[in-house]
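Colleague: Questions regarding the structure given below will be posed in turn.
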Amino acid sequence: MTVKELPQEPLEIGLTGGIGSGKSTVSAGLKDRGAVVIDADVIVRELQEPGKPVFEKMVKRWGEKILSAEGGLNRQAVADIVFKDTDELLALNEIVHPLVREEIARLRDQYASGTAPIILDIPLLVESGYEDLDGIIVVDLMSEEAVRRLVAYRGFSEEDANNRISNQVIREERIEKADFVIDNNADLVSLGEEIDRAWNWIEGLSA
């Protein structure tokens with residue numbers, strides 16, 4: 001009697017990095033190379049649209065001062081509140097994270113029947129305690145350079161950039177959890193080479 005071989009589940013790789021680290025560029029690069037990406041930031045934005053439960057809970061807590069003139073969420077107004085007060089940041093996380101985890105779980109189930117590696121692009125991966133993964137990639141960038149890039153390319157004030165970074169897990173703790181580290185302290189050409197290395201590493205896991 002021939003035993004039928006069960007189909008192999010796709011690899012699930014966590015991708016994380018501090019704000020300004022270039023994680024989104026890495027995520028897009030891995031997608032271009034054939035991965036499926038589940039982007040927590042995209043999920044958060046969708047859950048924060050007017051009429052959605054997360055939006056309603058946020059407005060209930062902080063009022064209309066966090067709304068834009070068009071009635072949507074003013075993300076900078078929210079940042080100005082939560083990244084200066086740890087209690088307010090905790091309150092935001094308690095509103096957002098459970099529903100984000102539910103949606104990530106739904107998408108993981110949806111893609112589980114495929115063969116492409118699944119990249120879980122989650123900024124707070126380390127803090128969130130995801131353990132059931134085949135590996136974790138960390139995009140690493142010196143904090144000072146992250147601040148410089150946030151100010152130069154994304155319009156952050158230096159104070160806002162520093163506040164956000166100080167509310168994240170420290171670089172050393174993030175790197176300690178990594179199975180593969182992408183160094184993004186150089187230019188885009190070097191980053192492309194780093195993404196190639198990461199993709200080769202992912203392919204090696206399934207070999």
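Simple scheme: letters A, B, ... for chains in structure tokens order, numbers from 1 for residues in each chain, numbers from 1 for ligands in the order shown.
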Excluding same-chain residues fewer than 6 positions from Arg171 in chain A, what lies within 10 Å of it counting only C-alpha atoms, as a list in words?

Modeller: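 Non-adjacent residues within range: Gly17, Gly18, Val138, Val139, Asp140, Leu141, Met142, Ser143 and Ile165 of chain A.
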
Colleague: Give me every alpha helix (DSSP H) residue in range 39-200 of chain A, going by DSSP on the backbone, as an MDAnalysis selection string.

Modeller: chainID A and resid 40:47 53:62 75:82 86:111 125:128 143:154 158:166 171:176 188:200

Colleague: Which is closest to Gly14 in chain A among A:Leu92, A:Ile202, A:Ile119, A:Val54, if we use only C-alpha atoms?

Modeller: A:Ile119

Colleague: As a PyMOL selection string, please: the residues near range 34-36 of chain A (cut-off 12 Å, only C-alpha atoms, same-chain neighbours under 2 positions excluded).

Modeller: chain A and resi 10-15+26-32+38-39+107-108+110-112+114-121+196+198-200+202-203

Colleague: Can you pull out every residue from range 76-205 of chain A that DSSP, working from the backbone, puts in strand (DSSP E or B), and format the result as a tab-separated table (two decimals) with N, CA and C atoms, in the first residue's frame?

Modeller:
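The result, stored in result-v1.tsv:
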```tsv
chain	number	residue	atom	x	y	z
A	118	ILE	N	5.12	32.71	3.49
A	118	ILE	CA	4.26	33.76	4.02
A	118	ILE	C	5.11	34.65	4.92
A	119	ILE	N	5.14	35.94	4.60
A	119	ILE	CA	5.88	36.90	5.40
A	119	ILE	C	4.89	37.66	6.28
A	120	LEU	N	5.07	37.55	7.58
A	120	LEU	CA	4.25	38.31	8.52
A	120	LEU	C	5.00	39.59	8.85
A	121	ASP	N	4.61	40.67	8.20
A	121	ASP	CA	5.26	41.97	8.36
A	121	ASP	C	4.60	42.67	9.55
A	135	GLY	N	10.90	31.25	11.26
A	135	GLY	CA	12.07	32.11	11.37
A	135	GLY	C	11.65	33.56	11.51
A	136	ILE	N	12.58	34.37	11.99
A	136	ILE	CA	12.31	35.80	12.16
A	136	ILE	C	13.44	36.59	11.49
A	137	ILE	N	13.05	37.52	10.62
A	137	ILE	CA	13.99	38.43	9.98
A	137	ILE	C	13.85	39.80	10.65
A	138	VAL	N	14.97	40.37	11.04
A	138	VAL	CA	14.97	41.71	11.62
A	138	VAL	C	15.73	42.66	10.68
A	139	VAL	N	15.09	43.76	10.34
A	139	VAL	CA	15.75	44.82	9.57
A	139	VAL	C	16.37	45.78	10.59
A	140	ASP	N	17.67	45.89	10.55
A	140	ASP	CA	18.39	46.64	11.59
A	140	ASP	C	18.92	47.96	11.05
A	180	PHE	N	17.68	35.90	11.23
A	180	PHE	CA	18.40	36.50	10.10
A	180	PHE	C	18.29	38.01	10.25
A	181	VAL	N	19.42	38.71	10.13
A	181	VAL	CA	19.44	40.16	10.28
A	181	VAL	C	19.79	40.81	8.95
A	182	ILE	N	18.97	41.77	8.54
A	182	ILE	CA	19.23	42.58	7.36
A	182	ILE	C	19.80	43.92	7.82
A	183	ASP	N	20.99	44.24	7.36
A	183	ASP	CA	21.64	45.50	7.72
A	183	ASP	C	21.22	46.57	6.72
```

Colleague: Between A:Lys60, A:Arg174, A:Lys52, A:Arg106, single out the one closest to Pro123 in chain A, counting only C-alpha atoms.

Modeller: A:Arg174

Colleague: Set the distance at 12 Å and use only C-alpha atoms: which residues neighbour Leu188 in chain A once local chain neighbours fewer than 4 positions away are removed? I'd like the list as a PDB file with N, CA and C atoms, in the first residue's frame.

Modeller:
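Result file result24.pdb:
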```
ATOM      1  N   GLY A  22      13.313  50.690   7.279  1.00  0.00           N
ATOM      2  CA  GLY A  22      13.257  50.221   5.894  1.00  0.00           C
ATOM      3  C   GLY A  22      12.539  48.900   5.748  1.00  0.00           C
ATOM      4  N   THR A  25      10.315  48.488   2.671  1.00  0.00           N
ATOM      5  CA  THR A  25      11.077  48.246   1.439  1.00  0.00           C
ATOM      6  C   THR A  25      11.488  46.784   1.355  1.00  0.00           C
ATOM      7  N   VAL A  26      11.911  46.226   2.468  1.00  0.00           N
ATOM      8  CA  VAL A  26      12.283  44.805   2.506  1.00  0.00           C
ATOM      9  C   VAL A  26      11.066  43.939   2.225  1.00  0.00           C
ATOM     10  N   GLY A  29      10.322  43.965  -1.349  1.00  0.00           N
ATOM     11  CA  GLY A  29      11.332  43.202  -2.074  1.00  0.00           C
ATOM     12  C   GLY A  29      11.110  41.708  -1.978  1.00  0.00           C
ATOM     13  N   ASP A 183      20.987  44.242   7.363  1.00  0.00           N
ATOM     14  CA  ASP A 183      21.642  45.496   7.723  1.00  0.00           C
ATOM     15  C   ASP A 183      21.222  46.574   6.717  1.00  0.00           C
ATOM     16  N   ASN A 184      20.521  47.599   7.204  1.00  0.00           N
ATOM     17  CA  ASN A 184      20.096  48.686   6.319  1.00  0.00           C
ATOM     18  C   ASN A 184      20.754  50.003   6.695  1.00  0.00           C
ATOM     19  N   GLY A 192      19.256  46.111  -1.410  1.00  0.00           N
ATOM     20  CA  GLY A 192      18.820  45.111  -2.382  1.00  0.00           C
ATOM     21  C   GLY A 192      19.616  43.829  -2.266  1.00  0.00           C
ATOM     22  N   GLU A 193      20.912  43.962  -2.044  1.00  0.00           N
ATOM     23  CA  GLU A 193      21.764  42.784  -1.873  1.00  0.00           C
ATOM     24  C   GLU A 193      21.400  42.043  -0.586  1.00  0.00           C
ATOM     25  N   GLU A 194      21.060  42.795   0.450  1.00  0.00           N
ATOM     26  CA  GLU A 194      20.644  42.184   1.711  1.00  0.00           C
ATOM     27  C   GLU A 194      19.334  41.412   1.541  1.00  0.00           C
ATOM     28  N   ILE A 195      18.421  41.966   0.752  1.00  0.00           N
ATOM     29  CA  ILE A 195      17.144  41.283   0.499  1.00  0.00           C
ATOM     30  C   ILE A 195      17.392  39.992  -0.273  1.00  0.00           C
TER      31      ILE A 195
END
```

Colleague: Can you tell me which residues surround Asn163 in chain A at a distance of at most 12 Å, considering only C-alpha atoms, apart from same-chain residues fewer than 6 positions away, and format the answer as number ranges by chain?

Modeller: A: 19, 79-86, 89, 143, 147, 150, 156-157

Colleague: Show which residues sit within 10 Å of Leu47 in chain A, as a ChimeraX atom specification. Count only C-alpha atoms, and ignore same-chain residues fewer than 5 positions away.

Modeller: /A:41-42,52-56,96,99-100,103

Colleague: Can you measure CA of Ile95 in chain A to CA of Leu67 in chain A for me? One decimal in Å is fine.

Modeller: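 Computing it gives 16.8 Å between the two atoms.
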
Colleague: I need the residue nearest Arg101 in chain A from this list: A:Ala146, A:Val169, A:Ala40, A:Val78. Use only C-alpha atoms for the distance.

Modeller: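 Nearest to Arg101 in chain A: A:Ala40.
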
Colleague: Name the closest residue to Ala91 in chain A among the candidates A:Asn185, A:Glu176, A:Arg149, A:Lys57; distances are taken between atoms, counting only C-alpha atoms.

Modeller: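 Closest to Ala91 in chain A of all the choices is A:Lys57.
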
Colleague: CA of Gly72 in chain A and CA of Gln48 in chain A, how far apart in Å?

Modeller: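 Straight-line distance from CA of Gln48 in chain A to CA of Gly72 in chain A works out to 8.5 Å.
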
Colleague: Distance CA of Gly51 in chain A-CA of Ala105 in chain A, one decimal place?

Modeller: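 Separation of CA of Gly51 in chain A and CA of Ala105 in chain A: 22.3 Å.
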